[in-house]
2 protein chains.
Amino acid sequence: MSEILRVGIAGLGTVGGAVVRLLATQASDLAARTGRKIVLVGVSARDPSRERGIDLADVEWFAGPVELAASDKIDLFVELIGGDEGPARASVEAALRTGKSVVTANKALLAKHGIALARLAEQHHAALAFEASVAGGIPIVKTLREGLAGNSIERVYGVLNGTCNYILSRMELEGLSFAECLAEAQKLGYAEADPTFDIGGFDTAHKLAILTSLAFGVKLDAEAISVEGIQDISLADLHAARELGYRVKLLGVAQRTPHGVEQRVHPTMVPLSSPIAQVMGVTNAVTVDADAVNELTLVGPGAGGMATASAVVADIADIARGIRSAPFGLPVDHLTAPEKSPMQRHEGGYYIRLAVRNQIGAAAAIAARMAQHEISLESIVQRRACASNGSVAPVVLVTYATTETSVREALAAILADGHVAEKPQVIRIERE
Amino acid sequence: MSEILRVGIAGLGTVGGAVVRLLATQASDLAARTGRKIVLVGVSARDPSRERGIDLADVEWFAGPVELAASDKIDLFVELIGGDEGPARASVEAALRTGKSVVTANKALLAKHGIALARLAEQHHAALAFEASVAGGIPIVKTLREGLAGNSIERVYGVLNGTCNYILSRMELEGLSFAECLAEAQKLGYAEADPTFDIGGFDTAHKLAILTSLAFGVKLDAEAISVEGIQDISLADLHAARELGYRVKLLGVAQRTPHGVEQRVHPTMVPLSSPIAQVMGVTNAVTVDADAVNELTLVGPGAGGMATASAVVADIADIARGIRSAPFGLPVDHLTAPEKSPMQRHEGGYYIRLAVRNQIGAAAAIAARMAQHEISLESIVQRRACASNGSVAPVVLVTYATTETSVREALAAILADGHVAEKPQVIRIERE
C-alpha cells in the first residue's frame, strides 16, 4: 500500500483551513506513520477568492462539493460544509456512491442520515469516518468503536457543548446571570447570534445520538432523545448545588435500562468530586461506564479549528492505513432499532427548588405530597425568605432515586395545593 | 477476511483469566465488529491443574509458552506471563519469528526489548500490540499512535502507578504517614511485599519509556529516564502543597525541550485545578499536550484483571480487523535515537522545604544564596517552630522557573552555611 492517497476537501472555513495546514506540516510524519503519501489535490469553497492564509498553489479548485466528491481525481472526500441536507448531504452521497471514503465533522448530517450513509459506505466498500463530529479533538469515536471493543457498555455521558459549559462555568465562578454570560459568550464568539441550537441542548442531542449508536450497537435515533436546555438555570441553583456537593452541567446521557436505551439531554447535578464536574469553560468531557473497564473519562477541547482538524486528520490517517471499521462499530444490519425508554420511566435522584409561600402548614403539605408519591427525601434545605420577597422562601429538596412520573405528579399536586409561588425548578442528579 | 482468528494465551493469572472470559462473553459482538470469529484454541500456564473458574474444555493445553507461540495451530499469540527475559521474551520472539501477531501487557519486556521486538514484527509482517502495558484500561497507546496522528506532541505526563497514587491519596485524605499507607496498600493487595518497584518509580519509568517512544517518534530508552520515588514524601509536604494550591502526584513526564527529549519520574506538584490532580486512589490518568489538540486527558483504571483484559481484547479485535500499525507509530527505521536532555538541564518551578535552625540571619543567608544562583522566589512560608523541636522551623520556598542545576547548587551552599538541620525536601512543580 504505497500509492498516494489523494484528498479533496469541501469547505475551507476555520476547520478546513486548519486541516490544510496540518496535512502540510505533518506530511512527512503522516507518510511514515501510514506508509502512504497523503496529498491534498482538490478543494471547493463558497468563495474561492477569499484570503485564507493557506497555500493552495498546487491544488485544483472544483466548481462545487458534489463535483469534487464525484471526481476521479480524489480517493478520499472530506466534508466540512455543515448542514443536514443540501450540498453536504449530496456531496457525501456522491463520494460514497463512487466508492470514495469520506471524513466528515458534520454531526447534524449524521444524526439525521447516519444509518443511510453507513449503509451506502458498506455497499461501496468505502470508509465513513466522523471523529470530529463529537467532542472536537477528543478521540471518543475511536475509543467507543475500537478501544472498548471488549466491553459491554452500560452508560455514556458527557459535557458535549462548549458554549453551555462556558456559560454555566462563568455563572458559578463569577456569580453572573445566565443572560449576562450568554451575552459574553456571544461577544467572544463561543455562542451564535441565535443561540437556541446550543443553549437549548439540540447540538448536544446530535452528538449524543452518534455516541449512543456506537456505544449500544443501535440505530441512530435523534428523535428518541428527551431534550432540555440550560436557559432556566439560575444562580440560585448553582449555589444550592455547590452546598449539596454537586455542580450543574448540561449532560448528554445514554444509558442501558431494563426498558431499553434511555437518551436524554438536560441540566444535571454531578458530584463535585467526579471528573466531569471538574470540566470548566469550553472544554468537553465524556465518561463511559462499561463492564470491563469500569469507568473511563476523556477530557479535551470540544471545538476550535485546530482541535477539530486534529480529529479529521486522524481519520484521514486511519483511512490511509487501510482501516475500514464499520462506521458505527457494527455492520448496519447488526445495529438494532433501540427500544426507547421514555423519559417518564427515568429513575434517579432529583433536585427540586420550590418558592414556598409563608403559610402555616405549607411545609407539611409539601412533605405529604412527596410521601404520597413514594418519594423519599435525602435532604431538605429551607432558607429564610429574602428581603425583597418576604412572603416567599426558597426550599430545596433532594430526593433518593425515584421516577420522573412520580416527581411530575407530586409537583403537579403541590402546585394545585397553592403553596408555591413559581414553577418549580427540577434538575436531575447523575451519580457516578 | 472471514476466516477464523485462532488465539493462544500464555499466562492464565488474573488478566489471562479475564481475557478468556471476555472473549467468551463478547464472542458474537466481536465477530460482528471485526468480521471474523475470534476463537481461543490454545493456552499455557505454570499450573494447568489450578481451578480458575473459566471454561477451557475446547482449548488445547501446550507444554509451555514457546511451544504455544511457535505452533501453527494459532494465528495470534497473547503473552501475559510477565518479566523482561525468560519465557516471556522467548515466546514473543518465537511468535513473531513465525509471522504471528502478538498482544502483550508486558511493560518490562517492552521497556527493555521493545525496539528489537518491533523490528522483528516488521520483518515478519506481524502486529505487535501492547495497549494493556501502559495505564491498564485507558486506551492511551491507541490515542497516541492513531488518535493524535495529526499532532506534534510537546509533552505527555501522567499518573501511571496506582499503588503510589493510592498511598499519596490516603496520606492526604486521612492524614496518615507514608509507612502506614504502604502497609495498608500491601494488606489490600495494591502493593507487593517488596514494594520498591512501584514506590521507587521504576514501574512508572517502564510505562513512560513506551509513551515517550509513541509520542515523540524516538527509540525507547528506559535508561535515559531520571527516576525518583515517593518514599521521602511526608505529610508536611502534602499539606504545604494544598495550602499553595497544589497536590503531590508521582508523575512520569516526557517533554520536548531545546536540548532533546527530557524523561523523568518524580513526585510532582500539580495545580489542584488540573484534571490530573483530581485523580485519586488507584486510578491512572495521562495528559497529552500537542499543537493541534492542545490538551487531552484520559482518566481510568490503571490496573485490575478486567480493565487490563479490556485493553488486551481491544488489541486482539484490531488485529482481527487487519489493522497493522507500526508498534511505536513509526517504522523502526524512522524512530530516532533521542537526544537525551539530562535532568540537570530541567527547567521549572520548585517547591523546597527546609528545616531552618533558629539563628539570627538564617533567613537572610538562605535568601542570599537563592539570589546568588539567580533563583526568583514566588512565595516563602515560614511556620512557627513546632513544640517538639523548638530550635528548628519549617520554611517552604516556591521558586519561579529555574534550572535543576541552580537549585542543587543553591541548596548545597545553604547546607554548607549550616542554617538547615535536615536534608532539604525538593519537589518539582509541573504547570499546565
# chains A, B, ... in the order shown; residues from 1 in each chain; ligands from 1
$ calpha_fit_and_write --fixed "chain B" --moving "chain A" --output "tab-separated table (two decimals) with C-alpha atoms, in the first residue's frame"
chain	number	residue	atom	x	y	z
A	1	MET	CA	-11.43	-11.60	5.70
A	2	SER	CA	-13.85	-14.09	7.16
A	3	GLU	CA	-11.57	-16.89	8.32
A	4	ILE	CA	-11.35	-17.63	12.02
A	5	LEU	CA	-8.67	-15.88	14.11
A	6	ARG	CA	-7.13	-18.58	16.31
A	7	VAL	CA	-5.78	-17.20	19.57
A	8	GLY	CA	-3.29	-18.69	22.03
A	9	ILE	CA	-2.82	-17.27	25.52
A	10	ALA	CA	0.27	-17.85	27.65
A	11	GLY	CA	-0.28	-17.02	31.30
A	12	LEU	CA	-3.62	-17.57	33.01
A	13	GLY	CA	-3.37	-15.32	36.05
A	14	THR	CA	-5.86	-12.58	36.87
A	15	VAL	CA	-5.50	-10.87	33.50
A	16	GLY	CA	-5.32	-14.08	31.45
A	17	GLY	CA	-8.46	-15.44	33.10
A	18	ALA	CA	-10.28	-12.16	32.46
A	19	VAL	CA	-9.27	-12.24	28.78
A	20	VAL	CA	-10.64	-15.78	28.45
A	21	ARG	CA	-13.92	-14.63	30.02
A	22	LEU	CA	-14.24	-11.52	27.83
A	23	LEU	CA	-13.51	-13.45	24.63
A	24	ALA	CA	-16.33	-15.83	25.59
A	25	THR	CA	-18.96	-13.29	26.69
A	26	GLN	CA	-18.24	-10.87	23.84
A	27	ALA	CA	-17.77	-13.53	21.16
A	28	SER	CA	-20.72	-12.69	18.93
A	29	ASP	CA	-20.24	-8.95	19.29
A	30	LEU	CA	-16.53	-9.25	18.48
A	31	ALA	CA	-17.30	-11.37	15.42
A	32	ALA	CA	-19.76	-8.74	14.18
A	33	ARG	CA	-17.35	-5.87	14.89
A	34	THR	CA	-14.32	-7.44	13.27
A	35	GLY	CA	-15.92	-9.61	10.60
A	36	ARG	CA	-14.13	-12.67	11.96
A	37	LYS	CA	-14.78	-15.27	14.59
A	38	ILE	CA	-12.14	-14.99	17.32
A	39	VAL	CA	-11.55	-18.38	18.94
A	40	LEU	CA	-9.30	-19.28	21.84
A	41	VAL	CA	-7.62	-22.52	20.75
A	42	GLY	CA	-4.53	-22.89	22.94
A	43	VAL	CA	-3.22	-21.94	26.37
A	44	SER	CA	-0.22	-22.51	28.58
A	45	ALA	CA	0.26	-21.81	32.26
A	46	ARG	CA	2.62	-22.83	35.02
A	47	ASP	CA	0.01	-24.90	36.82
A	48	PRO	CA	-2.55	-26.39	34.41
A	49	SER	CA	-4.41	-28.12	37.23
A	50	ARG	CA	-5.30	-24.92	39.12
A	51	GLU	CA	-9.00	-24.12	39.32
A	52	ARG	CA	-9.53	-20.79	37.53
A	53	GLY	CA	-13.28	-20.63	37.13
A	54	ILE	CA	-13.00	-20.41	33.35
A	55	ASP	CA	-14.19	-22.82	30.68
A	56	LEU	CA	-11.23	-24.33	28.84
A	57	ALA	CA	-12.99	-27.53	27.71
A	58	ASP	CA	-12.35	-26.95	23.98
A	59	VAL	CA	-8.91	-25.46	24.41
A	60	GLU	CA	-5.62	-27.29	23.93
A	61	TRP	CA	-3.00	-27.10	26.66
A	62	PHE	CA	0.55	-26.58	25.48
A	63	ALA	CA	3.67	-27.69	27.36
A	64	GLY	CA	4.97	-24.11	27.57
A	65	PRO	CA	4.62	-20.61	26.14
A	66	VAL	CA	7.29	-21.10	23.47
A	67	GLU	CA	5.61	-24.28	22.19
A	68	LEU	CA	2.31	-22.41	22.06
A	69	ALA	CA	3.85	-19.35	20.38
A	70	ALA	CA	5.58	-21.42	17.70
A	71	SER	CA	2.61	-23.70	16.99
A	72	ASP	CA	0.90	-23.44	13.63
A	73	LYS	CA	-2.40	-24.04	15.39
A	74	ILE	CA	-2.65	-20.36	16.34
A	75	ASP	CA	-2.60	-17.07	14.39
A	76	LEU	CA	-2.24	-14.69	17.33
A	77	PHE	CA	-0.18	-15.08	20.49
A	78	VAL	CA	-1.13	-13.31	23.73
A	79	GLU	CA	1.72	-13.02	26.22
A	80	LEU	CA	0.59	-12.50	29.82
A	81	ILE	CA	3.50	-14.13	31.64
A	82	GLY	CA	5.51	-11.07	32.65
A	83	GLY	CA	9.21	-10.48	33.11
A	84	ASP	CA	11.69	-8.90	30.72
A	85	GLU	CA	13.58	-12.10	29.86
A	86	GLY	CA	12.96	-15.85	30.10
A	87	PRO	CA	9.78	-17.42	28.78
A	88	ALA	CA	8.05	-14.06	28.09
A	89	ARG	CA	10.78	-12.83	25.76
A	90	ALA	CA	11.43	-16.23	24.21
A	91	SER	CA	7.77	-16.86	23.42
A	92	VAL	CA	7.10	-13.38	21.98
A	93	GLU	CA	10.15	-13.79	19.74
A	94	ALA	CA	9.05	-17.27	18.70
A	95	ALA	CA	5.60	-15.99	17.74
A	96	LEU	CA	6.91	-13.03	15.74
A	97	ARG	CA	9.54	-15.16	13.99
A	98	THR	CA	6.82	-17.48	12.76
A	99	GLY	CA	4.82	-14.48	11.47
A	100	LYS	CA	2.21	-14.48	14.22
A	101	SER	CA	0.90	-11.27	15.65
A	102	VAL	CA	1.48	-10.69	19.35
A	103	VAL	CA	-0.55	-8.94	22.04
A	104	THR	CA	1.23	-8.32	25.32
A	105	ALA	CA	0.72	-6.43	28.57
A	106	ASN	CA	4.39	-6.71	29.46
A	107	LYS	CA	5.83	-3.22	30.02
A	108	ALA	CA	9.14	-4.49	31.39
A	109	LEU	CA	9.74	-6.58	28.26
A	110	LEU	CA	8.87	-3.63	26.00
A	111	ALA	CA	10.94	-1.13	27.97
A	112	LYS	CA	13.98	-3.39	27.58
A	113	HIS	CA	13.47	-5.03	24.17
A	114	GLY	CA	10.68	-3.01	22.53
A	115	ILE	CA	12.67	-1.83	19.53
A	116	ALA	CA	14.16	-5.23	18.76
A	117	LEU	CA	10.72	-6.80	19.01
A	118	ALA	CA	9.15	-4.10	16.81
A	119	ARG	CA	11.83	-4.77	14.21
A	120	LEU	CA	11.12	-8.50	14.37
A	121	ALA	CA	7.39	-7.78	13.94
A	122	GLU	CA	8.11	-5.63	10.87
A	123	GLN	CA	10.38	-8.23	9.30
A	124	HIS	CA	7.70	-10.88	9.61
A	125	HIS	CA	4.72	-8.62	8.77
A	126	ALA	CA	3.19	-9.31	12.15
A	127	ALA	CA	1.45	-6.92	14.53
A	128	LEU	CA	2.88	-6.21	17.98
A	129	ALA	CA	0.22	-4.62	20.19
A	130	PHE	CA	0.54	-3.59	23.82
A	131	GLU	CA	-2.32	-1.30	24.85
A	132	ALA	CA	-2.50	-3.11	28.21
A	133	SER	CA	1.13	-2.38	29.04
A	134	VAL	CA	0.51	1.28	29.97
A	135	ALA	CA	-2.26	2.61	32.22
A	136	GLY	CA	-4.35	-0.58	32.16
A	137	GLY	CA	-7.75	0.04	30.62
A	138	ILE	CA	-7.00	3.56	29.35
A	139	PRO	CA	-6.56	3.48	25.54
A	140	ILE	CA	-3.54	5.79	25.60
A	141	VAL	CA	-1.40	3.73	23.21
A	142	LYS	CA	-4.13	3.84	20.53
A	143	THR	CA	-4.68	7.54	21.22
A	144	LEU	CA	-1.01	8.40	20.73
A	145	ARG	CA	-0.50	6.05	17.79
A	146	GLU	CA	-3.71	6.76	15.89
A	147	GLY	CA	-5.96	9.34	17.53
A	148	LEU	CA	-3.35	12.11	17.59
A	149	ALA	CA	-1.69	11.22	14.26
A	150	GLY	CA	-2.16	14.80	13.04
A	151	ASN	CA	-0.42	16.36	16.04
A	152	SER	CA	3.08	17.29	16.97
A	153	ILE	CA	3.30	16.37	20.66
A	154	GLU	CA	5.01	18.68	23.14
A	155	ARG	CA	4.59	16.79	26.40
A	156	VAL	CA	2.98	13.66	27.76
A	157	TYR	CA	2.66	13.10	31.49
A	158	GLY	CA	0.61	11.06	33.80
A	159	VAL	CA	-0.19	9.16	36.95
A	160	LEU	CA	0.87	5.72	35.77
A	161	ASN	CA	1.21	3.75	38.99
A	162	GLY	CA	-1.90	3.02	41.03
A	163	THR	CA	-0.01	1.91	44.12
A	164	CYS	CA	1.79	5.23	44.50
A	165	ASN	CA	-1.33	7.22	43.79
A	166	TYR	CA	-3.29	5.21	46.32
A	167	ILE	CA	-0.66	5.87	48.99
A	168	LEU	CA	-0.40	9.61	48.27
A	169	SER	CA	-4.20	9.94	48.21
A	170	ARG	CA	-4.63	8.12	51.51
A	171	MET	CA	-1.86	10.14	53.16
A	172	GLU	CA	-3.50	13.40	52.16
A	173	LEU	CA	-7.13	12.47	52.79
A	174	GLU	CA	-6.64	10.52	56.02
A	175	GLY	CA	-3.59	12.29	57.41
A	176	LEU	CA	-1.64	9.04	57.62
A	177	SER	CA	2.10	8.56	57.26
A	178	PHE	CA	3.76	7.03	54.23
A	179	ALA	CA	4.62	3.86	56.19
A	180	GLU	CA	1.04	3.41	57.42
A	181	CYS	CA	-0.40	3.80	53.92
A	182	LEU	CA	2.14	1.46	52.39
A	183	ALA	CA	1.27	-1.22	54.95
A	184	GLU	CA	-2.42	-0.70	54.15
A	185	ALA	CA	-1.79	-0.95	50.40
A	186	GLN	CA	0.10	-4.18	50.94
A	187	LYS	CA	-2.79	-5.59	52.99
A	188	LEU	CA	-5.25	-4.69	50.20
A	189	GLY	CA	-3.05	-6.28	47.54
A	190	TYR	CA	-2.29	-2.94	45.86
A	191	ALA	CA	1.40	-3.18	46.76
A	192	GLU	CA	3.86	-6.08	46.62
A	193	ALA	CA	5.71	-7.48	49.64
A	194	ASP	CA	8.79	-5.79	48.13
A	195	PRO	CA	7.26	-2.49	47.02
A	196	THR	CA	10.48	-0.96	45.63
A	197	PHE	CA	9.46	-1.43	42.01
A	198	ASP	CA	6.27	0.62	42.45
A	199	ILE	CA	7.27	3.03	45.21
A	200	GLY	CA	10.67	3.76	43.73
A	201	GLY	CA	9.14	4.89	40.42
A	202	PHE	CA	10.59	2.09	38.27
A	203	ASP	CA	7.20	0.75	37.13
A	204	THR	CA	6.23	4.28	36.08
A	205	ALA	CA	9.55	4.58	34.21
A	206	HIS	CA	8.86	1.45	32.14
A	207	LYS	CA	5.49	2.82	31.11
A	208	LEU	CA	6.92	6.26	30.42
A	209	ALA	CA	9.56	4.80	28.10
A	210	ILE	CA	6.76	3.32	25.97
A	211	LEU	CA	4.74	6.55	25.92
A	212	THR	CA	7.84	8.59	25.03
A	213	SER	CA	8.55	6.47	22.00
A	214	LEU	CA	4.93	6.70	20.79
A	215	ALA	CA	4.68	10.44	21.44
A	216	PHE	CA	7.98	11.63	20.03
A	217	GLY	CA	8.90	9.04	17.42
A	218	VAL	CA	12.09	8.12	19.28
A	219	LYS	CA	13.58	4.78	20.21
A	220	LEU	CA	12.70	3.52	23.67
A	221	ASP	CA	15.38	4.33	26.17
A	222	ALA	CA	14.37	3.48	29.72
A	223	GLU	CA	17.96	4.11	30.84
A	224	ALA	CA	17.62	7.78	29.90
A	225	ILE	CA	14.88	8.33	32.47
A	226	SER	CA	15.67	10.17	35.68
A	227	VAL	CA	13.77	8.30	38.41
A	228	GLU	CA	12.80	9.32	41.94
A	229	GLY	CA	10.17	7.58	44.06
A	230	ILE	CA	7.71	8.71	46.70
A	231	GLN	CA	9.40	7.14	49.73
A	232	ASP	CA	10.55	10.52	51.12
A	233	ILE	CA	7.25	12.38	50.76
A	234	SER	CA	5.89	13.45	54.13
A	235	LEU	CA	2.50	14.62	55.31
A	236	ALA	CA	4.06	18.07	55.78
A	237	ASP	CA	4.71	18.24	52.04
A	238	LEU	CA	1.16	17.23	51.15
A	239	HIS	CA	-0.29	19.85	53.47
A	240	ALA	CA	2.06	22.58	52.28
A	241	ALA	CA	1.17	21.66	48.68
A	242	ARG	CA	-2.51	22.08	49.40
A	243	GLU	CA	-2.00	25.47	50.99
A	244	LEU	CA	-0.10	26.57	47.91
A	245	GLY	CA	-2.83	25.33	45.57
A	246	TYR	CA	-1.10	22.12	44.51
A	247	ARG	CA	-1.33	18.38	45.03
A	248	VAL	CA	1.58	15.93	45.01
A	249	LYS	CA	1.46	13.13	42.43
A	250	LEU	CA	4.08	10.68	41.25
A	251	LEU	CA	4.28	11.66	37.59
A	252	GLY	CA	6.03	10.26	34.60
A	253	VAL	CA	6.82	13.19	32.30
A	254	ALA	CA	8.27	13.20	28.79
A	255	GLN	CA	8.80	16.57	27.25
A	256	ARG	CA	10.30	18.07	24.11
A	257	THR	CA	12.96	20.62	25.11
A	258	PRO	CA	15.51	22.65	23.13
A	259	HIS	CA	18.08	20.11	24.36
A	260	GLY	CA	16.18	16.99	23.31
A	261	VAL	CA	13.56	14.80	24.94
A	262	GLU	CA	13.52	15.01	28.73
A	263	GLN	CA	12.16	11.93	30.52
A	264	ARG	CA	11.64	11.95	34.25
A	265	VAL	CA	9.71	10.23	37.01
A	266	HIS	CA	9.39	12.03	40.33
A	267	PRO	CA	6.92	13.31	42.91
A	268	THR	CA	5.44	16.42	41.38
A	269	MET	CA	3.29	19.36	42.47
A	270	VAL	CA	0.40	19.75	40.04
A	271	PRO	CA	-2.15	22.60	40.24
A	272	LEU	CA	-5.20	21.51	42.26
A	273	SER	CA	-7.45	22.59	39.40
A	274	SER	CA	-5.77	20.36	36.79
A	275	PRO	CA	-7.54	17.18	35.71
A	276	ILE	CA	-4.57	15.12	36.86
A	277	ALA	CA	-4.80	16.51	40.41
A	278	GLN	CA	-8.34	15.13	40.72
A	279	VAL	CA	-7.20	11.57	40.10
A	280	MET	CA	-7.31	9.80	43.45
A	281	GLY	CA	-6.76	6.23	44.61
A	282	VAL	CA	-5.63	3.52	42.21
A	283	THR	CA	-6.93	5.41	39.18
A	284	ASN	CA	-4.49	6.40	36.42
A	285	ALA	CA	-4.51	9.44	34.14
A	286	VAL	CA	-2.48	10.64	31.19
A	287	THR	CA	-2.39	14.15	29.76
A	288	VAL	CA	-1.05	14.93	26.30
A	289	ASP	CA	-0.08	18.46	25.24
A	290	ALA	CA	0.01	18.75	21.47
A	291	ASP	CA	-0.06	21.54	18.92
A	292	ALA	CA	-3.44	20.81	17.35
A	293	VAL	CA	-5.46	19.27	20.16
A	294	ASN	CA	-3.89	21.47	22.84
A	295	GLU	CA	-4.59	19.39	25.97
A	296	LEU	CA	-6.21	15.96	26.16
A	297	THR	CA	-6.58	13.94	29.37
A	298	LEU	CA	-7.63	10.31	29.74
A	299	VAL	CA	-8.65	9.04	33.18
A	300	GLY	CA	-9.41	5.43	34.02
A	301	PRO	CA	-8.40	2.22	35.78
A	302	GLY	CA	-4.65	1.65	35.70
A	303	ALA	CA	-4.75	-1.96	36.78
A	304	GLY	CA	-7.06	-4.81	37.64
A	305	GLY	CA	-7.76	-8.00	35.73
A	306	MET	CA	-10.85	-6.89	33.82
A	307	ALA	CA	-9.59	-3.40	32.92
A	308	THR	CA	-6.30	-4.80	31.63
A	309	ALA	CA	-8.17	-7.54	29.78
A	310	SER	CA	-10.31	-4.84	28.14
A	311	ALA	CA	-7.15	-3.42	26.57
A	312	VAL	CA	-5.88	-6.87	25.55
A	313	VAL	CA	-9.18	-7.72	23.84
A	314	ALA	CA	-9.24	-4.35	22.02
A	315	ASP	CA	-5.80	-5.19	20.60
A	316	ILE	CA	-7.00	-8.64	19.56
A	317	ALA	CA	-10.02	-7.07	17.83
A	318	ASP	CA	-7.80	-4.57	15.96
A	319	ILE	CA	-5.60	-7.40	14.73
A	320	ALA	CA	-8.68	-9.41	13.72
A	321	ARG	CA	-9.82	-6.41	11.66
A	322	GLY	CA	-6.45	-6.42	9.93
A	323	ILE	CA	-5.05	-3.25	11.49
A	324	ARG	CA	-1.25	-3.27	11.23
A	325	SER	CA	0.08	-0.03	12.66
A	326	ALA	CA	3.77	0.19	13.33
A	327	PRO	CA	4.13	-0.82	17.02
A	328	PHE	CA	5.57	2.54	18.04
A	329	GLY	CA	3.65	4.58	15.47
A	330	LEU	CA	6.52	4.89	13.01
A	331	PRO	CA	8.50	2.14	11.31
A	332	VAL	CA	11.58	1.31	13.41
A	333	ASP	CA	13.95	2.90	10.89
A	334	HIS	CA	12.07	6.18	11.23
A	335	LEU	CA	12.38	6.22	15.02
A	336	THR	CA	15.27	8.45	15.99
A	337	ALA	CA	17.72	7.92	18.81
A	338	PRO	CA	16.55	10.59	21.24
A	339	GLU	CA	18.90	13.35	22.17
A	340	LYS	CA	18.67	12.94	25.92
A	341	SER	CA	18.13	16.06	27.94
A	342	PRO	CA	19.80	15.42	31.29
A	343	MET	CA	17.91	16.23	34.47
A	344	GLN	CA	20.43	18.96	35.34
A	345	ARG	CA	19.03	20.95	32.43
A	346	HIS	CA	15.44	20.60	33.60
A	347	GLU	CA	13.75	23.97	33.92
A	348	GLY	CA	10.70	24.60	36.01
A	349	GLY	CA	9.35	25.77	39.32
A	350	TYR	CA	10.49	24.10	42.54
A	351	TYR	CA	9.00	23.53	45.97
A	352	ILE	CA	11.70	23.45	48.64
A	353	ARG	CA	11.05	22.61	52.30
A	354	LEU	CA	13.84	23.44	54.71
A	355	ALA	CA	14.18	22.73	58.41
A	356	VAL	CA	15.80	26.01	59.40
A	357	ARG	CA	17.68	26.48	62.66
A	358	ASN	CA	16.46	29.40	64.74
A	359	GLN	CA	19.58	31.47	64.30
A	360	ILE	CA	19.79	35.18	63.70
A	361	GLY	CA	20.43	35.81	60.00
A	362	ALA	CA	19.38	32.34	58.84
A	363	ALA	CA	16.56	33.58	56.64
A	364	ALA	CA	18.71	36.31	55.15
A	365	ALA	CA	21.52	33.85	54.39
A	366	ILE	CA	19.13	31.46	52.66
A	367	ALA	CA	17.58	34.24	50.60
A	368	ALA	CA	21.04	35.46	49.63
A	369	ARG	CA	22.08	31.98	48.43
A	370	MET	CA	18.97	31.73	46.26
A	371	ALA	CA	19.63	35.16	44.77
A	372	GLN	CA	23.27	34.23	44.16
A	373	HIS	CA	22.06	31.37	41.96
A	374	GLU	CA	19.55	33.63	40.21
A	375	ILE	CA	16.55	31.86	41.65
A	376	SER	CA	13.47	34.08	42.03
A	377	LEU	CA	11.05	33.16	44.76
A	378	GLU	CA	7.31	33.10	44.13
A	379	SER	CA	6.49	32.54	47.78
A	380	ILE	CA	8.07	31.94	51.16
A	381	VAL	CA	6.09	30.47	54.03
A	382	GLN	CA	7.70	30.25	57.44
A	383	ARG	CA	5.85	28.51	60.25
A	384	ARG	CA	6.36	28.74	63.93
A	385	ALA	CA	8.79	26.09	65.15
A	386	CYS	CA	6.87	23.06	66.36
A	387	ALA	CA	6.73	22.40	70.09
A	388	SER	CA	8.75	19.19	69.99
A	389	ASN	CA	11.65	20.84	68.23
A	390	GLY	CA	11.71	24.48	69.22
A	391	SER	CA	15.03	25.22	67.64
A	392	VAL	CA	14.01	24.31	64.10
A	393	ALA	CA	11.28	25.94	61.97
A	394	PRO	CA	9.94	24.66	58.67
A	395	VAL	CA	10.35	27.11	55.77
A	396	VAL	CA	8.71	26.44	52.43
A	397	LEU	CA	10.02	28.18	49.31
A	398	VAL	CA	8.35	28.11	45.92
A	399	THR	CA	10.54	29.26	43.06
A	400	TYR	CA	9.74	30.67	39.67
A	401	ALA	CA	11.15	28.72	36.72
A	402	THR	CA	14.80	27.95	37.24
A	403	THR	CA	17.16	25.08	36.46
A	404	GLU	CA	17.81	21.88	38.36
A	405	THR	CA	21.50	22.79	38.49
A	406	SER	CA	20.80	26.18	40.10
A	407	VAL	CA	18.57	24.60	42.74
A	408	ARG	CA	21.08	21.89	43.57
A	409	GLU	CA	23.97	24.35	43.82
A	410	ALA	CA	21.99	26.81	45.94
A	411	LEU	CA	20.91	24.05	48.33
A	412	ALA	CA	24.45	22.72	48.61
A	413	ALA	CA	25.60	26.22	49.61
A	414	ILE	CA	22.73	26.60	52.12
A	415	LEU	CA	23.60	23.23	53.67
A	416	ALA	CA	27.24	24.26	53.90
A	417	ASP	CA	26.22	27.48	55.66
A	418	GLY	CA	24.88	25.33	58.49
A	419	HIS	CA	21.45	26.95	58.82
A	420	VAL	CA	19.37	23.90	58.02
A	421	ALA	CA	19.04	20.89	60.25
A	422	GLU	CA	17.90	18.23	57.75
A	423	LYS	CA	18.31	17.28	54.11
A	424	PRO	CA	16.06	19.72	52.20
A	425	GLN	CA	12.94	18.32	50.55
A	426	VAL	CA	12.72	19.27	46.86
A	427	ILE	CA	9.61	18.64	44.73
A	428	ARG	CA	9.36	19.81	41.13
A	429	ILE	CA	6.30	21.73	40.02
A	430	GLU	CA	4.55	20.80	36.78
A	431	ARG	CA	2.32	23.53	35.43
A	432	GLU	CA	-0.46	23.11	32.91
$ select_by_dssp --residues "segment 91-232 of chain B" --states "strand (DSSP E)" --output "CSV table (one decimal) with C-alpha atoms, in the first residue's frame"
chain,number,residue,atom,x,y,z
B,101,SER,CA,0.9,-11.3,15.7
B,102,VAL,CA,1.5,-10.7,19.4
B,103,VAL,CA,-0.5,-8.9,22.0
B,104,THR,CA,1.2,-8.3,25.3
B,128,LEU,CA,2.9,-6.2,18.0
B,129,ALA,CA,0.2,-4.6,20.2
B,153,ILE,CA,3.3,16.4,20.7
B,154,GLU,CA,5.0,18.7,23.2
B,155,ARG,CA,4.6,16.8,26.4
B,156,VAL,CA,3.0,13.7,27.8
B,157,TYR,CA,2.6,13.1,31.5
B,158,GLY,CA,0.6,11.0,33.8
B,159,VAL,CA,-0.2,9.2,37.0
B,226,SER,CA,15.7,10.2,35.7
B,227,VAL,CA,13.8,8.3,38.4
$ select_by_dssp --residues "segment 188-378 of chain B" --states "alpha helix (DSSP H)" --output "VMD selection string"
chain B and resid 196 to 199 202 to 216 235 to 243 305 to 320 362 to 372
$ decode --residues "segment 119-130 of chain A" --atoms "C-alpha atoms" --output "CSV table (one decimal), in the first residue's frame"
chain,number,residue,atom,x,y,z
A,119,ARG,CA,-25.2,1.6,4.5
A,120,LEU,CA,-24.1,3.4,1.4
A,121,ALA,CA,-20.5,3.2,2.7
A,122,GLU,CA,-20.8,-0.5,3.2
A,123,GLN,CA,-22.3,-1.1,-0.2
A,124,HIS,CA,-19.4,0.6,-1.9
A,125,HIS,CA,-16.7,-0.7,0.4
A,126,ALA,CA,-15.8,2.8,1.5
A,127,ALA,CA,-15.0,4.2,4.9
A,128,LEU,CA,-17.2,6.8,6.6
A,129,ALA,CA,-15.3,8.4,9.5
A,130,PHE,CA,-16.5,11.2,11.8
